[in-house]
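Have a look at protein-v7.tsv below; it lists TSV, C-alpha atoms and all ligand atoms.
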chain	number	residue	atom	x	y	z
A	30	MET	CA	109.45	52.52	102.17
A	31	THR	CA	111.92	52.51	105.00
A	32	ASP	CA	115.65	52.30	104.54
A	33	LYS	CA	118.83	53.49	106.10
A	34	THR	CA	119.12	56.56	103.89
A	35	THR	CA	115.80	58.09	104.89
A	36	ALA	CA	115.10	59.49	108.33
A	37	PRO	CA	113.24	57.43	110.96
A	38	ALA	CA	109.52	57.08	110.30
A	39	THR	CA	108.75	58.63	113.68
A	40	ILE	CA	109.47	62.13	112.32
A	41	ASP	CA	106.44	63.68	110.70
A	42	PHE	CA	107.98	65.69	107.86
A	43	MET	CA	104.58	66.79	106.64
A	44	ALA	CA	103.82	68.51	109.95
A	45	ASP	CA	107.01	70.58	110.11
A	46	THR	CA	105.87	74.17	109.61
A	47	ARG	CA	109.03	75.93	110.78
A	48	PRO	CA	110.25	78.65	108.42
A	49	ILE	CA	112.37	77.30	105.56
A	50	ALA	CA	114.56	80.38	105.11
A	51	GLU	CA	116.91	81.54	107.84
A	52	GLY	CA	115.85	85.13	107.43
A	53	GLU	CA	113.76	86.91	104.87
A	54	ALA	CA	112.88	84.99	101.71
A	55	GLY	CA	114.43	86.26	98.49
A	56	PRO	CA	116.76	85.25	95.65
A	57	GLY	CA	119.75	83.38	97.09
A	58	CYS	CA	118.47	83.41	100.67
A	59	ARG	CA	119.99	81.04	103.24
A	60	LYS	CA	117.98	78.04	104.37
A	61	ARG	CA	117.68	76.70	107.90
A	62	ASP	CA	118.72	73.21	106.78
A	63	PRO	CA	120.01	73.03	103.19
A	64	ILE	CA	120.75	69.68	101.53
A	65	LEU	CA	122.18	71.25	98.37
A	66	THR	CA	124.23	74.44	98.14
A	67	VAL	CA	125.12	75.98	94.76
A	68	ARG	CA	127.77	78.70	94.36
A	69	HIS	CA	128.57	80.73	91.26
A	70	VAL	CA	127.52	78.03	88.78
A	71	THR	CA	127.59	79.22	85.18
A	72	ARG	CA	127.06	77.52	81.84
A	73	ARG	CA	127.32	79.28	78.50
A	74	PHE	CA	126.21	78.02	75.11
A	75	GLY	CA	127.78	80.30	72.52
A	76	GLY	CA	126.66	83.77	73.52
A	77	ILE	CA	123.85	82.55	75.82
A	78	ASN	CA	124.28	82.47	79.59
A	79	ALA	CA	122.03	79.44	80.04
A	80	VAL	CA	122.82	79.23	83.77
A	81	ASP	CA	124.25	81.96	85.97
A	82	VAL	CA	123.31	81.04	89.53
A	83	ASP	CA	125.17	83.04	92.14
A	84	PHE	CA	123.88	81.30	95.26
A	85	LEU	CA	121.09	78.82	95.84
A	86	GLU	CA	120.22	76.47	98.66
A	87	ILE	CA	117.65	73.69	98.47
A	88	PRO	CA	115.92	72.95	101.79
A	89	ARG	CA	116.13	69.40	103.18
A	90	HIS	CA	112.94	67.35	103.65
A	91	LYS	CA	110.91	69.84	101.59
A	92	ILE	CA	109.37	69.88	98.14
A	93	THR	CA	110.90	72.69	96.09
A	94	ALA	CA	109.51	73.68	92.69
A	95	LEU	CA	111.88	75.19	90.14
A	96	ILE	CA	109.86	77.31	87.75
A	97	GLY	CA	110.60	79.78	84.98
A	98	PRO	CA	109.78	80.46	81.35
A	99	ASN	CA	110.95	78.24	78.51
A	100	GLY	CA	114.70	78.59	78.13
A	101	ALA	CA	115.25	79.93	81.67
A	102	GLY	CA	117.95	77.34	82.33
A	103	LYS	CA	116.10	74.90	84.58
A	104	THR	CA	117.00	71.71	82.73
A	105	THR	CA	120.57	72.91	82.18
A	106	LEU	CA	120.90	73.51	85.93
A	107	PHE	CA	119.58	69.97	86.58
A	108	ASN	CA	122.09	68.59	84.07
A	109	LEU	CA	124.97	70.45	85.71
A	110	LEU	CA	124.12	69.54	89.28
A	111	THR	CA	123.72	65.84	88.46
A	112	GLY	CA	126.90	65.51	86.39
A	113	PHE	CA	125.21	65.21	82.98
A	114	ASP	CA	126.84	68.45	81.83
A	115	GLN	CA	129.87	70.45	82.93
A	116	PRO	CA	129.69	74.10	84.04
A	117	ASN	CA	132.03	76.86	82.91
A	118	SER	CA	132.52	77.73	86.56
A	119	GLY	CA	131.14	77.10	90.00
A	120	GLU	CA	130.86	74.59	92.78
A	121	TRP	CA	128.10	72.88	94.65
A	122	THR	CA	127.80	70.54	97.61
A	123	PHE	CA	125.24	67.87	98.28
A	124	ASP	CA	124.89	66.84	101.89
A	125	GLY	CA	128.43	68.09	102.48
A	126	HIS	CA	129.96	66.35	99.41
A	127	PRO	CA	131.53	68.67	96.80
A	128	LEU	CA	130.08	67.51	93.47
A	129	ALA	CA	131.80	69.58	90.77
A	130	GLY	CA	133.47	67.14	88.36
A	131	VAL	CA	131.75	64.09	89.87
A	132	ALA	CA	130.31	61.67	87.27
A	133	SER	CA	126.54	61.29	87.12
A	134	TYR	CA	126.53	57.66	88.30
A	135	LYS	CA	128.57	58.63	91.35
A	136	VAL	CA	126.21	61.52	92.08
A	137	ALA	CA	123.36	58.99	92.06
A	138	ARG	CA	125.27	56.70	94.41
A	139	LEU	CA	125.68	59.58	96.84
A	140	GLY	CA	121.89	59.82	96.99
A	141	MET	CA	121.00	62.50	94.46
A	142	VAL	CA	118.96	61.10	91.56
A	143	ARG	CA	117.02	62.71	88.76
A	144	THR	CA	114.46	61.95	86.11
A	145	PHE	CA	114.35	63.47	82.63
A	146	GLN	CA	111.87	65.65	80.77
A	147	LEU	CA	111.73	62.93	78.14
A	148	THR	CA	111.83	59.68	80.04
A	149	LYS	CA	114.89	57.55	79.65
A	150	VAL	CA	113.36	54.16	80.32
A	151	MET	CA	114.82	51.42	78.16
A	152	GLY	CA	112.07	50.35	75.79
A	153	LYS	CA	113.61	47.00	74.90
A	154	LEU	CA	114.00	45.96	78.52
A	155	THR	CA	111.12	44.82	80.68
A	156	VAL	CA	109.72	46.98	83.44
A	157	LEU	CA	111.45	44.82	86.06
A	158	GLU	CA	114.78	44.94	84.21
A	159	ASN	CA	114.53	48.73	84.07
A	160	MET	CA	113.98	48.79	87.80
A	161	ARG	CA	116.96	46.56	88.49
A	162	LEU	CA	119.18	48.96	86.53
A	163	GLY	CA	118.33	51.69	89.03
A	164	ALA	CA	119.74	49.81	92.04
A	165	ALA	CA	122.51	51.69	93.83
A	166	ASP	CA	124.84	48.79	94.43
A	167	GLN	CA	124.85	46.41	91.47
A	168	PRO	CA	126.73	43.22	92.32
A	169	GLY	CA	127.94	42.87	88.73
A	170	GLU	CA	129.77	46.18	89.09
A	171	ARG	CA	132.24	44.86	91.59
A	172	LEU	CA	134.67	42.12	90.74
A	173	SER	CA	135.06	41.12	94.37
A	174	ALA	CA	131.32	40.58	94.74
A	175	ALA	CA	131.12	38.75	91.44
A	176	LEU	CA	133.76	36.33	92.71
A	177	PHE	CA	131.63	35.43	95.70
A	178	LYS	CA	128.61	33.90	94.12
A	179	ASN	CA	126.61	33.62	97.34
A	180	LEU	CA	126.93	37.27	98.10
A	181	TRP	CA	126.10	38.08	94.51
A	182	GLY	CA	123.01	35.90	94.56
A	183	ARG	CA	121.80	37.43	97.83
A	184	ARG	CA	122.18	40.98	96.54
A	185	GLU	CA	120.41	40.00	93.31
A	186	LYS	CA	117.46	38.76	95.33
A	187	GLU	CA	117.41	41.91	97.44
A	188	ILE	CA	117.36	44.09	94.35
A	189	THR	CA	114.49	42.11	92.82
A	190	ALA	CA	112.54	42.24	96.08
A	191	GLN	CA	113.07	46.00	96.36
A	192	ALA	CA	111.94	46.42	92.75
A	193	GLU	CA	108.81	44.35	93.36
A	194	VAL	CA	107.85	46.48	96.37
A	195	LEU	CA	108.25	49.70	94.41
A	196	LEU	CA	106.41	48.34	91.36
A	197	GLU	CA	103.48	47.41	93.55
A	198	LYS	CA	103.49	50.84	95.15
A	199	PHE	CA	103.50	52.53	91.74
A	200	LYS	CA	100.84	50.10	90.48
A	201	LEU	CA	103.13	48.76	87.79
A	202	ASP	CA	103.47	45.26	89.22
A	203	ALA	CA	101.06	43.77	86.67
A	204	LYS	CA	103.36	45.11	83.96
A	205	ARG	CA	106.61	43.80	85.45
A	206	ASN	CA	107.34	41.51	82.49
A	207	ASP	CA	106.11	43.86	79.76
A	208	TYR	CA	108.57	45.76	77.62
A	209	ALA	CA	108.85	49.36	78.84
A	210	ALA	CA	108.17	50.47	75.25
A	211	SER	CA	104.59	49.19	75.64
A	212	LEU	CA	103.84	51.56	78.55
A	213	SER	CA	101.87	54.79	78.15
A	214	GLY	CA	103.69	58.11	78.59
A	215	GLY	CA	102.34	58.48	82.12
A	216	GLN	CA	103.31	54.94	83.08
A	217	ARG	CA	106.83	55.59	81.81
A	218	LYS	CA	107.01	58.64	84.08
A	219	LEU	CA	105.93	56.44	86.98
A	220	LEU	CA	108.50	53.82	86.03
A	221	GLU	CA	111.25	56.41	85.83
A	222	MET	CA	110.33	57.75	89.25
A	223	ALA	CA	110.14	54.25	90.72
A	224	ARG	CA	113.49	53.36	89.14
A	225	ALA	CA	115.08	56.49	90.63
A	226	LEU	CA	113.96	55.30	94.07
A	227	MET	CA	115.87	52.04	93.62
A	228	ALA	CA	119.01	54.04	94.44
A	229	ARG	CA	117.50	54.87	97.89
A	230	PRO	CA	118.04	58.59	97.29
A	231	LYS	CA	118.02	61.47	99.72
A	232	LEU	CA	117.27	64.03	97.04
A	233	VAL	CA	114.99	63.29	94.08
A	234	MET	CA	115.09	65.74	91.17
A	235	LEU	CA	112.16	65.48	88.77
A	236	ASP	CA	112.23	67.32	85.44
A	237	GLU	CA	108.64	68.08	84.48
A	238	PRO	CA	107.13	64.96	86.03
A	239	MET	CA	103.60	65.90	84.95
A	240	ALA	CA	104.32	66.73	81.31
A	241	GLY	CA	102.51	64.40	78.94
A	242	VAL	CA	100.73	62.60	81.76
A	243	ASN	CA	97.00	62.08	81.34
A	244	PRO	CA	94.72	63.49	84.05
A	245	ALA	CA	93.96	60.04	85.46
A	246	LEU	CA	97.60	59.54	86.38
A	247	THR	CA	98.31	63.12	87.46
A	248	GLN	CA	96.80	62.69	90.93
A	249	SER	CA	98.71	59.47	91.41
A	250	LEU	CA	101.99	61.17	90.47
A	251	LEU	CA	101.25	64.06	92.83
A	252	ASP	CA	100.57	61.62	95.65
A	253	HIS	CA	103.82	59.83	94.95
A	254	ILE	CA	105.73	63.10	95.12
A	255	LYS	CA	104.11	63.98	98.44
A	256	ASN	CA	104.91	60.48	99.72
A	257	LEU	CA	108.59	60.99	98.93
A	258	LYS	CA	108.60	63.88	101.37
A	259	ALA	CA	106.56	61.97	103.96
A	260	GLU	CA	109.23	59.27	103.81
A	261	GLY	CA	112.00	61.75	104.54
A	262	MET	CA	113.27	62.52	101.05
A	263	THR	CA	113.87	65.96	99.61
A	264	VAL	CA	112.25	66.76	96.26
A	265	LEU	CA	113.30	69.35	93.69
A	266	PHE	CA	111.08	69.44	90.62
A	267	VAL	CA	110.70	71.51	87.47
A	268	GLU	CA	107.10	72.27	86.67
A	269	HIS	CA	105.14	74.58	84.41
A	270	ASP	CA	101.71	73.96	85.87
A	271	MET	CA	101.08	76.50	88.60
A	272	GLN	CA	98.20	74.48	90.05
A	273	VAL	CA	100.58	71.62	90.67
A	274	VAL	CA	103.19	73.95	92.16
A	275	ARG	CA	100.68	75.57	94.50
A	276	HIS	CA	99.33	72.20	95.48
A	277	ILE	CA	102.50	70.41	96.52
A	278	ALA	CA	105.47	72.78	96.77
A	279	ASP	CA	106.71	74.07	100.13
A	280	TRP	CA	109.14	76.40	98.42
A	281	VAL	CA	109.43	77.88	94.94
A	282	VAL	CA	112.57	79.01	93.12
A	283	VAL	CA	112.06	81.12	90.00
A	284	MET	CA	114.66	81.25	87.23
A	285	ALA	CA	114.77	83.62	84.28
A	286	GLU	CA	117.59	83.99	81.80
A	287	GLY	CA	119.78	81.66	83.81
A	288	LYS	CA	119.46	83.52	87.11
A	289	VAL	CA	117.41	82.98	90.25
A	290	VAL	CA	115.03	85.96	90.24
A	291	ALA	CA	112.73	85.03	93.12
A	292	GLU	CA	112.36	82.49	95.93
A	293	GLY	CA	109.81	81.88	98.63
A	294	PRO	CA	106.64	80.07	99.67
A	295	PRO	CA	104.33	79.49	96.64
A	296	ALA	CA	101.66	82.02	97.62
A	297	ASP	CA	104.21	84.81	98.09
A	298	VAL	CA	106.24	84.03	94.98
A	299	MET	CA	103.21	84.07	92.74
A	300	LYS	CA	102.38	87.59	93.89
A	301	ASP	CA	105.93	88.79	93.22
A	302	GLN	CA	106.10	91.37	90.46
A	303	ALA	CA	109.48	90.07	89.25
A	304	VAL	CA	107.87	86.69	88.73
A	305	ILE	CA	104.89	88.11	86.95
A	306	ASP	CA	107.18	90.10	84.67
A	307	ALA	CA	109.82	87.47	84.07
A	308	TYR	CA	107.84	84.33	83.98
A	309	LEU	CA	104.16	83.97	83.81
A	310	GLY	CA	103.62	85.32	80.34
A	311	ALA	CA	105.15	82.19	78.94
A	312	HIS	CA	104.82	79.51	81.55
A	313	HIS	CA	102.45	77.11	79.84
A	314	ASP	CA	103.54	74.22	77.73
A	315	VAL	CA	100.15	73.92	76.08
A	316	ASP	CA	100.55	73.30	72.37
A	317	LEU	CA	99.29	76.46	70.79
A	318	GLY	CA	99.76	75.14	67.31
A	319	ASP	CA	96.05	74.36	67.09
A	320	THR	CA	92.84	75.95	68.28
A	321	GLU	CA	92.37	73.21	70.89
A	322	GLY	CA	95.60	74.33	72.51
A	323	LEU	CA	94.48	77.94	72.63
A	324	LYS	CA	91.12	76.99	74.11
A	325	GLU	CA	92.86	74.85	76.69
A	326	LEU	CA	95.10	77.73	77.73
A	327	GLU	CA	92.21	80.18	77.85
A	328	ALA	CA	90.20	77.79	80.00
A	329	GLU	CA	93.15	77.32	82.31
A	330	LEU	CA	93.74	81.05	82.60
A	331	ALA	CA	90.07	81.66	83.36
A	332	GLN	CA	90.09	79.04	86.10
A	333	ASP	CA	93.36	80.12	87.56
A	334	GLN	CA	91.94	82.88	89.74
A	335	ALA	CA	94.42	82.75	92.55
A	336	SER	CA	97.31	82.81	90.12
A	337	VAL	CA	99.05	85.86	88.79
A	338	VAL	CA	98.85	84.50	85.27
A	339	GLY	CA	96.46	87.25	84.31
A	340	THR	CA	93.05	86.78	82.79
A	341	GLU	CA	91.92	87.36	79.26
A	342	ASP	CA	94.99	89.40	78.45
A	343	GLU	CA	95.44	89.03	74.70
A	344	GLY	CA	99.00	90.15	75.21
A	345	ILE	CA	99.85	87.10	77.25
A	346	LEU	CA	98.51	84.75	74.61
A	347	GLY	CA	100.15	86.70	71.81
A	348	HIS	CA	103.48	86.74	73.60
A	349	HIS	CA	103.18	83.04	74.22
A	350	ILE	CA	102.49	82.21	70.60
A	351	ALA	CA	105.44	84.32	69.48
A	352	GLU	CA	107.68	82.62	72.00
A	353	ARG	CA	106.56	79.15	70.89
A	354	ASP	CA	107.09	80.00	67.25
A	355	GLY	CA	110.49	81.40	68.11
A	356	ARG	CA	111.45	78.16	69.80
A	357	ARG	CA	110.30	76.12	66.83
A	358	ASP	CA	112.53	78.26	64.63
A	359	GLU	CA	115.36	77.74	67.05
A	360	ALA	CA	114.80	73.97	67.00
A	361	ALA	CA	114.80	73.99	63.21
A	362	GLY	CA	118.05	75.94	63.42
A	363	GLY	CA	119.96	73.12	65.03
A	364	THR	CA	119.18	72.71	68.72
A	365	ALA	CA	116.48	70.11	68.00
A	366	GLY	CA	117.18	66.99	69.93
A	367	ARG	CA	118.95	68.69	72.79
A	368	LYS	CA	115.97	67.81	75.01
A	369	ASP	CA	117.15	64.25	74.83
A	370	GLN	CA	119.69	65.36	77.34
A	371	GLY	CA	117.17	66.86	79.65
B	401	LIG	N1	122.94	71.70	74.34
B	401	LIG	C1	122.63	72.97	74.13
B	401	LIG	N2	123.20	73.67	73.13
B	401	LIG	C2	122.93	74.97	72.91
B	401	LIG	N3	122.05	75.68	73.66
B	401	LIG	C3	121.45	75.04	74.66
B	401	LIG	C4	121.69	73.66	74.95
B	401	LIG	N4	120.94	73.30	76.03
B	401	LIG	C5	120.26	74.40	76.39
B	401	LIG	N5	120.54	75.44	75.58
B	401	LIG	C6	120.02	76.82	75.68
B	401	LIG	O1	120.18	77.20	77.03
B	401	LIG	C7	119.05	77.95	77.49
B	401	LIG	C8	118.42	77.25	78.66
B	401	LIG	O2	117.77	76.05	78.24
B	401	LIG	P1	117.07	75.05	79.22
B	401	LIG	O3	116.58	73.88	78.42
B	401	LIG	O4	117.95	74.76	80.36
B	401	LIG	O5	115.83	75.89	79.73
B	401	LIG	P2	114.56	75.41	80.55
B	401	LIG	O6	114.30	76.43	81.58
B	401	LIG	O7	114.76	74.00	81.01
B	401	LIG	O8	113.44	75.47	79.43
B	401	LIG	P3	112.12	74.56	79.24
B	401	LIG	O9	111.14	75.03	80.25
B	401	LIG	O10	111.69	74.87	77.85
B	401	LIG	O11	112.52	73.13	79.41
B	401	LIG	C9	118.13	78.07	76.30
B	401	LIG	O12	118.40	79.31	75.65
B	401	LIG	C10	118.54	76.92	75.42
B	401	LIG	O13	118.24	77.17	74.07
Hey, can you dump this file as structure tokens for me?
Ligand SMILES: Nc1ncnc2c1ncn2[C@@H]1O[C@H](COP(=O)(O)OP(=O)(O)OP(=O)(O)O)[C@@H](O)[C@H]1O
Amino acid sequence: MTDKTTAPATIDFMADTRPIAEGEAGPGCRKRDPILTVRHVTRRFGGINAVDVDFLEIPRHKITALIGPNGAGKTTLFNLLTGFDQPNSGEWTFDGHPLAGVASYKVARLGMVRTFQLTKVMGKLTVLENMRLGAADQPGERLSAALFKNLWGRREKEITAQAEVLLEKFKLDAKRNDYAASLSGGQRKLLEMARALMARPKLVMLDEPMAGVNPALTQSLLDHIKNLKAEGMTVLFVEHDMQVVRHIADWVVVMAEGKVVAEGPPADVMKDQAVIDAYLGAHHDVDLGDTEGLKELEAELAQDQASVVGTEDEGILGHHIAERDGRRDEAAGGTAGRKDQG
């Protein structure tokens, strides 16, 4: 896809191996070319400091993974940065634009779009209608455009054509007239990503794009994420699967208890003791409620040699089960449903 918001196709973003950080990598380190800069952003829920990020820069034209244990504040940070929630304090700039207090639809218009952990496709609309909703400049939004029917008609056609191109790319074109509710979980993730691209973004933020996606679609989603970078976009994504992170991320930011506790290239970050301590004991989202889930996690841990997940450490599994149970209790205690926001 080429458009005026992405850089010229002559630049090979995949081949750029210059260092991402200005100096040494570490929590809050400066980047050579940041697209997003976050300062002193905090968000409290009751007594919990869900987000307490002192300084964070996201490098332009790179794929950055945001990782951390359940409850680390990743989704809350996404919500804050994209205008879906308001911080208690802090400021942040996207491509030079201050964004604190800016509504989510305006953030998207500026070129910063996000997807949700639980997809927000509209089930009762068709796939094509969902795509059209994602367009940055809807003619119906502006009275002046609506008054000039020709202009309106032209823009309508452009939007449909753009949607058709993206649907073909994401192999959803055969489903264009199906209700989105009839799509599989993985196809909905693809649709949400394709719809986000309708806004011609510079920065695409994906909240757990692989969660709930069957293995057949995982590779396709990974390829799409890599393509976003090849086309000049910046990607920031939340992910629990370390294989995925290692495979596609240029840079990894680790959060724990609301703070950034480590940053760097994937290989370095996964060797970092702070990450091992703060994160990896609880990083999997495998459902441990049944024996299949446990087996799945054990198999993953056994395979995951290069990772710092550990091996057959009973403690890791035990800790994980306790954490999961704790979260279920928490959900039963009233925060159930909050994921709808993120
Ligand atoms: N709307 C809310 N009301 C109350 N507490 C909330 C709300 N949203 C998030 N929290 C709390 O804020 C903390 C951070 O949650 P958040 O969902 O951002 O973490 P996360 O890193 O995205 O976790 P996960 O990996 O499970 O998605 C958690 O303690 C969570 O329970």
For chain A versus ligand LIG 401 (chain B), which residues have an atom no more than 6 Å away, and what is each residue's nearest atom pair and distance in Å rounded to one decimal, using all atoms listed in the file, chain-then-number order, as a tab-separated table?
residue	atom	partner	partner_atom	distance
A:Phe74	CA	B:LIG401	N3	5.0
A:Ala79	CA	B:LIG401	O1	4.2
A:Pro98	CA	B:LIG401	O9	5.7
A:Asn99	CA	B:LIG401	O10	3.5
A:Gly100	CA	B:LIG401	O5	3.3
A:Ala101	CA	B:LIG401	O6	3.6
A:Gly102	CA	B:LIG401	O4	3.2
A:Lys103	CA	B:LIG401	O6	3.8
A:Thr104	CA	B:LIG401	O7	3.6
A:Thr105	CA	B:LIG401	O4	3.7
A:Arg367	CA	B:LIG401	N1	5.2
Next, write the just-selected residues to a file, as a PDB file, in the frame of the given file, keeping C-alpha atoms as the atom set.
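And here is the file that came out, again-v4.pdb:
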ATOM      1  CA  PHE A  74     126.210  78.020  75.110  1.00  0.00           C
ATOM      2  CA  ALA A  79     122.030  79.440  80.040  1.00  0.00           C
ATOM      3  CA  PRO A  98     109.780  80.460  81.350  1.00  0.00           C
ATOM      4  CA  ASN A  99     110.950  78.240  78.510  1.00  0.00           C
ATOM      5  CA  GLY A 100     114.700  78.590  78.130  1.00  0.00           C
ATOM      6  CA  ALA A 101     115.250  79.930  81.670  1.00  0.00           C
ATOM      7  CA  GLY A 102     117.950  77.340  82.330  1.00  0.00           C
ATOM      8  CA  LYS A 103     116.100  74.900  84.580  1.00  0.00           C
ATOM      9  CA  THR A 104     117.000  71.710  82.730  1.00  0.00           C
ATOM     10  CA  THR A 105     120.570  72.910  82.180  1.00  0.00           C
ATOM     11  CA  ARG A 367     118.950  68.690  72.790  1.00  0.00           C
TER      12      ARG A 367
END
Work out how far atom CA of Asp45 of chain A is from atom CA of Arg224 of chain A, in Å to one decimal. 27.9 Å
Could you give me, as CSV, every segment 110-147 of chain A residue with an atom at most 10 Å from segment 266-287 of chain A, plus its closest atom pair and distance in Å to one decimal, counting only C-alpha atoms, rows ordered by chain then number?
residue,atom,partner,partner_atom,distance
A:Arg143,CA,A:Phe266,CA,9.2
A:Thr144,CA,A:Phe266,CA,9.4
A:Gln146,CA,A:Val267,CA,9.0
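Residues surrounding Pro230 of chain A within 6 Å are A:Gly140, A:Met141, A:Ala228, A:Leu232 [only C-alpha atoms; sequence separation below 2 positions excluded].
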Place a sphere of radius 12 Å on (128.1, 57.1, 86.8) in the file coordinates and name every protein, DNA or RNA residue with an atom inside or on its surface, counting only C-alpha atoms; give the answer as a list of chain:residue names.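 The requested residues, written out, are A:Thr111, A:Gly112, A:Phe113, A:Gly130, A:Val131, A:Ala132, A:Ser133, A:Tyr134, A:Lys135, A:Val136, A:Ala137, A:Arg138, A:Leu139, A:Met141, A:Val142, A:Gly163, A:Ala165, A:Asp166, A:Glu170.
The space separating atom CA of Lys231 of chain A from atom CA of Lys149 of chain A comes to 20.7 Å.
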(113.2, 88.1, 99.3) in this file's frame - what residues fall within 9 Å of it? Use all atoms listed in the file and give the answer as number ranges by chain. A: 53-58, 291-293
I'd like the contact shell of segment 196-213 of chain A - 10 Å cut-off, only C-alpha atoms, skipping same-chain residues fewer than 6 positions apart - returned as an NGL selection string. :A and (30 or 150-160 or 190 or 219-220 or 222-224 or 241-243 or 249-250 or 253)
If you count only C-alpha atoms, which residues fall within 10 Å of Ala259 of chain A, apart from same-chain ones fewer than 6 positions away, as a list in words? Ala36, Ala38, Ile40, Asp41, Phe42, Met43, Ala44, His90, Lys91 and His253 of chain A
I'd like the box whose edges run along x, y and z of the file and which contains every listed atom of segment 184-188 of chain A, padded by 4 Å per side; could you state its centre and edge lengths in Å, one decimal, as AutoDock Vina command-line options?
--center_x 119.8 --center_y 41.4 --center_z 95.4 --size_x 12.8 --size_y 13.3 --size_z 12.1
